[in-house]
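Visitor: Structure below; questions to follow.
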Amino acid sequence: MANPAQPAQFPITQRDAFLIPSGPGAAQGECHFFVVLTDPAKSDMVLLVNATTYRQNTPHDASCFLDVGDHPFIRHKSYIVYSKPQKATVQKLRTMIASGTMTLRPPPVSQAVFARIEAGASSCQMKPEDNAFYLQYR
């Protein structure tokens, strides 16, 4: 097991999945499922997108849905929230894993699911600056 005092031991790769405190319940420990969208080998900063539970009659981005079975953590029909991506350095992610602030959720999303997430990124509601970062470092 990796020593939490040495966060560099936590490799970060494209398609990795994490549980990160976010949203209105973050202070109470509510976490959302995030996926590394950009390639950490191309920049020390990565763009992450999160999935949130789909609720009928609630506004949502229909660019990419995830279903039960798309990843072991996905337990309900969900969608990717492209309008609120997170940027973080690889070192910050490693430090957050080491401190227990966020949790790595192996395995990474499959190539097939990641292809759907990427396809959704091209037709989504991402801010222009986030889209430019994505296009440069995907």
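Order determines the names: the first chain of the structure tokens is A, the second B, and so forth; residues in each chain are numbered 1 upward, and ligands are numbered 1 upward as they are shown.
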Taking the DSSP secondary structure from the backbone, can you list the residues of chain A that are strand (DSSP E), as a ChimeraX atom specification?

Guide: /A:17-21,31-36,45-53,65-66,78-89,103-104

Visitor: Filtering to N, CA and C atoms, could you give me those residues as a JSON list (two decimals), in the first residue's frame?

Guide:
```
[["chain", "number", "residue", "atom", "x", "y", "z"],
["A", 17, "ALA", "N", -11.12, 7.47, -12.37],
["A", 17, "ALA", "CA", -12.37, 7.87, -11.73],
["A", 17, "ALA", "C", -12.13, 8.15, -10.26],
["A", 18, "PHE", "N", -12.76, 9.21, -9.76],
["A", 18, "PHE", "CA", -12.59, 9.64, -8.37],
["A", 18, "PHE", "C", -13.93, 9.99, -7.74],
["A", 19, "LEU", "N", -13.99, 9.91, -6.43],
["A", 19, "LEU", "CA", -15.07, 10.51, -5.66],
["A", 19, "LEU", "C", -14.48, 11.75, -5.01],
["A", 20, "ILE", "N", -15.06, 12.91, -5.32],
["A", 20, "ILE", "CA", -14.54, 14.18, -4.83],
["A", 20, "ILE", "C", -15.68, 14.95, -4.16],
["A", 21, "PRO", "N", -15.43, 15.49, -2.96],
["A", 21, "PRO", "CA", -16.48, 16.31, -2.32],
["A", 21, "PRO", "C", -16.83, 17.49, -3.23],
["A", 31, "CYS", "N", -20.03, 13.45, -2.01],
["A", 31, "CYS", "CA", -19.06, 13.36, -3.10],
["A", 31, "CYS", "C", -19.76, 13.05, -4.41],
["A", 32, "HIS", "N", -19.10, 13.47, -5.48],
["A", 32, "HIS", "CA", -19.57, 13.15, -6.82],
["A", 32, "HIS", "C", -18.49, 12.36, -7.54],
["A", 33, "PHE", "N", -18.92, 11.60, -8.53],
["A", 33, "PHE", "CA", -18.05, 10.77, -9.35],
["A", 33, "PHE", "C", -17.45, 11.65, -10.44],
["A", 34, "PHE", "N", -16.13, 11.73, -10.50],
["A", 34, "PHE", "CA", -15.42, 12.53, -11.49],
["A", 34, "PHE", "C", -14.54, 11.62, -12.35],
["A", 35, "VAL", "N", -14.33, 12.04, -13.60],
["A", 35, "VAL", "CA", -13.47, 11.32, -14.53],
["A", 35, "VAL", "C", -12.44, 12.30, -15.08],
["A", 36, "VAL", "N", -11.18, 11.87, -15.17],
["A", 36, "VAL", "CA", -10.12, 12.68, -15.78],
["A", 36, "VAL", "C", -10.35, 12.68, -17.29],
["A", 45, "MET", "N", -1.78, 20.01, -15.50],
["A", 45, "MET", "CA", -3.14, 20.38, -15.11],
["A", 45, "MET", "C", -4.09, 19.48, -15.89],
["A", 46, "VAL", "N", -5.12, 18.96, -15.21],
["A", 46, "VAL", "CA", -6.10, 18.13, -15.89],
["A", 46, "VAL", "C", -7.50, 18.71, -15.72],
["A", 47, "LEU", "N", -8.36, 18.33, -16.63],
["A", 47, "LEU", "CA", -9.76, 18.71, -16.60],
["A", 47, "LEU", "C", -10.56, 17.47, -16.21],
["A", 48, "LEU", "N", -11.41, 17.63, -15.21],
["A", 48, "LEU", "CA", -12.25, 16.53, -14.75],
["A", 48, "LEU", "C", -13.71, 16.91, -14.94],
["A", 49, "VAL", "N", -14.52, 15.94, -15.32],
["A", 49, "VAL", "CA", -15.96, 16.16, -15.42],
["A", 49, "VAL", "C", -16.65, 15.20, -14.45],
["A", 50, "ASN", "N", -17.80, 15.63, -13.95],
["A", 50, "ASN", "CA", -18.48, 14.77, -12.99],
["A", 50, "ASN", "C", -19.80, 14.25, -13.53],
["A", 51, "ALA", "N", -20.22, 13.17, -12.92],
["A", 51, "ALA", "CA", -21.52, 12.58, -13.22],
["A", 51, "ALA", "C", -22.44, 12.86, -12.05],
["A", 52, "THR", "N", -23.67, 13.14, -12.36],
["A", 52, "THR", "CA", -24.67, 13.34, -11.32],
["A", 52, "THR", "C", -25.91, 12.54, -11.69],
["A", 53, "THR", "N", -26.66, 12.16, -10.69],
["A", 53, "THR", "CA", -27.84, 11.33, -10.90],
["A", 53, "THR", "C", -28.87, 12.06, -11.77],
["A", 65, "PHE", "N", -25.12, 10.25, -21.20],
["A", 65, "PHE", "CA", -25.70, 9.55, -20.05],
["A", 65, "PHE", "C", -24.83, 8.35, -19.69],
["A", 66, "LEU", "N", -24.78, 8.04, -18.42],
["A", 66, "LEU", "CA", -24.12, 6.83, -17.93],
["A", 66, "LEU", "C", -25.20, 5.97, -17.29],
["A", 78, "SER", "N", -27.21, 8.35, -14.78],
["A", 78, "SER", "CA", -26.52, 9.61, -14.48],
["A", 78, "SER", "C", -26.18, 10.31, -15.78],
["A", 79, "TYR", "N", -25.75, 11.55, -15.66],
["A", 79, "TYR", "CA", -25.30, 12.29, -16.83],
["A", 79, "TYR", "C", -24.05, 13.08, -16.48],
["A", 80, "ILE", "N", -23.25, 13.37, -17.50],
["A", 80, "ILE", "CA", -22.02, 14.14, -17.29],
["A", 80, "ILE", "C", -22.39, 15.62, -17.28],
["A", 81, "VAL", "N", -21.86, 16.32, -16.28],
["A", 81, "VAL", "CA", -22.11, 17.76, -16.12],
["A", 81, "VAL", "C", -20.92, 18.50, -16.74],
["A", 82, "TYR", "N", -21.00, 18.74, -18.03],
["A", 82, "TYR", "CA", -19.90, 19.39, -18.75],
["A", 82, "TYR", "C", -19.80, 20.88, -18.41],
["A", 83, "SER", "N", -20.87, 21.47, -17.95],
["A", 83, "SER", "CA", -20.87, 22.92, -17.68],
["A", 83, "SER", "C", -20.09, 23.30, -16.44],
["A", 84, "LYS", "N", -19.71, 22.33, -15.62],
["A", 84, "LYS", "CA", -18.98, 22.62, -14.38],
["A", 84, "LYS", "C", -17.77, 21.71, -14.20],
["A", 85, "PRO", "N", -16.87, 21.70, -15.19],
["A", 85, "PRO", "CA", -15.68, 20.85, -15.03],
["A", 85, "PRO", "C", -14.76, 21.43, -13.95],
["A", 86, "GLN", "N", -13.90, 20.60, -13.44],
["A", 86, "GLN", "CA", -12.91, 21.04, -12.45],
["A", 86, "GLN", "C", -11.53, 20.93, -13.08],
["A", 87, "LYS", "N", -10.68, 21.90, -12.81],
["A", 87, "LYS", "CA", -9.28, 21.82, -13.21],
["A", 87, "LYS", "C", -8.46, 21.65, -11.94],
["A", 88, "ALA", "N", -7.47, 20.80, -12.03],
["A", 88, "ALA", "CA", -6.58, 20.57, -10.89],
["A", 88, "ALA", "C", -5.24, 20.09, -11.41],
["A", 89, "THR", "N", -4.20, 20.40, -10.66],
["A", 89, "THR", "CA", -2.89, 19.86, -11.02],
["A", 89, "THR", "C", -2.84, 18.39, -10.60],
["A", 103, "THR", "N", -11.24, 10.07, -3.12],
["A", 103, "THR", "CA", -11.00, 8.64, -3.22],
["A", 103, "THR", "C", -10.89, 8.22, -4.68],
["A", 104, "LEU", "N", -9.81, 7.53, -5.01],
["A", 104, "LEU", "CA", -9.67, 6.92, -6.32],
["A", 104, "LEU", "C", -10.64, 5.76, -6.39]]
```

Visitor: May I have the residues within 10 Å of Ala121 (chain A) as an NGL selection string, using only C-alpha atoms and disregarding those fewer than 2 positions away in the same chain?

Guide: :A and (37 or 49 or 63-64 or 80-83 or 115-119 or 123-126 or 131 or 134-135)

Visitor: For the residues in that selection, give me N, CA and C atoms as a PDB file, in the first residue's frame.

Guide:
```
ATOM      1  N   LEU A  37     -10.663  13.863 -17.821  1.00  0.00           N
ATOM      2  CA  LEU A  37     -11.006  13.999 -19.230  1.00  0.00           C
ATOM      3  C   LEU A  37      -9.779  14.247 -20.112  1.00  0.00           C
ATOM      4  N   VAL A  49     -14.521  15.942 -15.315  1.00  0.00           N
ATOM      5  CA  VAL A  49     -15.965  16.158 -15.417  1.00  0.00           C
ATOM      6  C   VAL A  49     -16.649  15.201 -14.454  1.00  0.00           C
ATOM      7  N   SER A  63     -25.934  15.425 -23.234  1.00  0.00           N
ATOM      8  CA  SER A  63     -24.821  15.071 -24.123  1.00  0.00           C
ATOM      9  C   SER A  63     -24.271  13.678 -23.871  1.00  0.00           C
ATOM     10  N   CYS A  64     -24.299  13.232 -22.599  1.00  0.00           N
ATOM     11  CA  CYS A  64     -23.763  11.900 -22.288  1.00  0.00           C
ATOM     12  C   CYS A  64     -24.420  11.353 -21.035  1.00  0.00           C
ATOM     13  N   ILE A  80     -23.251  13.367 -17.499  1.00  0.00           N
ATOM     14  CA  ILE A  80     -22.022  14.136 -17.292  1.00  0.00           C
ATOM     15  C   ILE A  80     -22.385  15.621 -17.277  1.00  0.00           C
ATOM     16  N   VAL A  81     -21.862  16.323 -16.279  1.00  0.00           N
ATOM     17  CA  VAL A  81     -22.112  17.763 -16.121  1.00  0.00           C
ATOM     18  C   VAL A  81     -20.924  18.503 -16.743  1.00  0.00           C
ATOM     19  N   TYR A  82     -20.995  18.735 -18.034  1.00  0.00           N
ATOM     20  CA  TYR A  82     -19.898  19.391 -18.748  1.00  0.00           C
ATOM     21  C   TYR A  82     -19.804  20.877 -18.413  1.00  0.00           C
ATOM     22  N   SER A  83     -20.868  21.470 -17.947  1.00  0.00           N
ATOM     23  CA  SER A  83     -20.869  22.916 -17.684  1.00  0.00           C
ATOM     24  C   SER A  83     -20.090  23.300 -16.436  1.00  0.00           C
ATOM     25  N   ALA A 115     -15.117   6.930 -24.583  1.00  0.00           N
ATOM     26  CA  ALA A 115     -15.408   7.421 -25.934  1.00  0.00           C
ATOM     27  C   ALA A 115     -16.753   8.155 -25.944  1.00  0.00           C
ATOM     28  N   ARG A 116     -17.730   7.660 -25.201  1.00  0.00           N
ATOM     29  CA  ARG A 116     -19.024   8.347 -25.108  1.00  0.00           C
ATOM     30  C   ARG A 116     -18.881   9.681 -24.377  1.00  0.00           C
ATOM     31  N   ILE A 117     -18.080   9.701 -23.313  1.00  0.00           N
ATOM     32  CA  ILE A 117     -17.859  10.950 -22.571  1.00  0.00           C
ATOM     33  C   ILE A 117     -17.175  11.967 -23.473  1.00  0.00           C
ATOM     34  N   GLU A 118     -16.159  11.521 -24.226  1.00  0.00           N
ATOM     35  CA  GLU A 118     -15.477  12.426 -25.159  1.00  0.00           C
ATOM     36  C   GLU A 118     -16.411  12.921 -26.252  1.00  0.00           C
ATOM     37  N   ALA A 119     -17.245  12.041 -26.785  1.00  0.00           N
ATOM     38  CA  ALA A 119     -18.193  12.446 -27.824  1.00  0.00           C
ATOM     39  C   ALA A 119     -19.154  13.499 -27.282  1.00  0.00           C
ATOM     40  N   SER A 123     -20.272  18.158 -28.019  1.00  0.00           N
ATOM     41  CA  SER A 123     -21.601  18.722 -28.275  1.00  0.00           C
ATOM     42  C   SER A 123     -22.243  19.249 -26.993  1.00  0.00           C
ATOM     43  N   CYS A 124     -21.415  19.654 -26.060  1.00  0.00           N
ATOM     44  CA  CYS A 124     -21.930  19.974 -24.730  1.00  0.00           C
ATOM     45  C   CYS A 124     -21.972  21.468 -24.446  1.00  0.00           C
ATOM     46  N   GLN A 125     -22.256  21.772 -23.197  1.00  0.00           N
ATOM     47  CA  GLN A 125     -22.401  23.135 -22.720  1.00  0.00           C
ATOM     48  C   GLN A 125     -21.154  23.620 -21.964  1.00  0.00           C
ATOM     49  N   MET A 126     -19.976  23.145 -22.366  1.00  0.00           N
ATOM     50  CA  MET A 126     -18.741  23.534 -21.697  1.00  0.00           C
ATOM     51  C   MET A 126     -18.408  24.991 -22.031  1.00  0.00           C
ATOM     52  N   ASN A 131     -13.440  24.313 -22.911  1.00  0.00           N
ATOM     53  CA  ASN A 131     -13.417  23.558 -24.156  1.00  0.00           C
ATOM     54  C   ASN A 131     -12.069  23.686 -24.850  1.00  0.00           C
ATOM     55  N   TYR A 134      -9.638  21.507 -23.021  1.00  0.00           N
ATOM     56  CA  TYR A 134      -9.920  20.112 -23.375  1.00  0.00           C
ATOM     57  C   TYR A 134      -9.343  19.760 -24.757  1.00  0.00           C
ATOM     58  N   LEU A 135      -9.624  20.600 -25.738  1.00  0.00           N
ATOM     59  CA  LEU A 135      -9.165  20.321 -27.100  1.00  0.00           C
ATOM     60  C   LEU A 135      -7.641  20.301 -27.193  1.00  0.00           C
TER      61      LEU A 135
END
```

Visitor: As JSON, numbers by chain, list the residues of chain A assigned to alpha helix (DSSP H) by DSSP on the backbone atoms of this structure.

Guide: {"A": [90, 91, 92, 93, 94, 95, 96, 97, 98, 99, 111, 112, 113, 114, 115, 116, 117, 118, 119, 120, 121, 128, 129, 130, 131, 132, 133, 134, 135, 136, 137]}
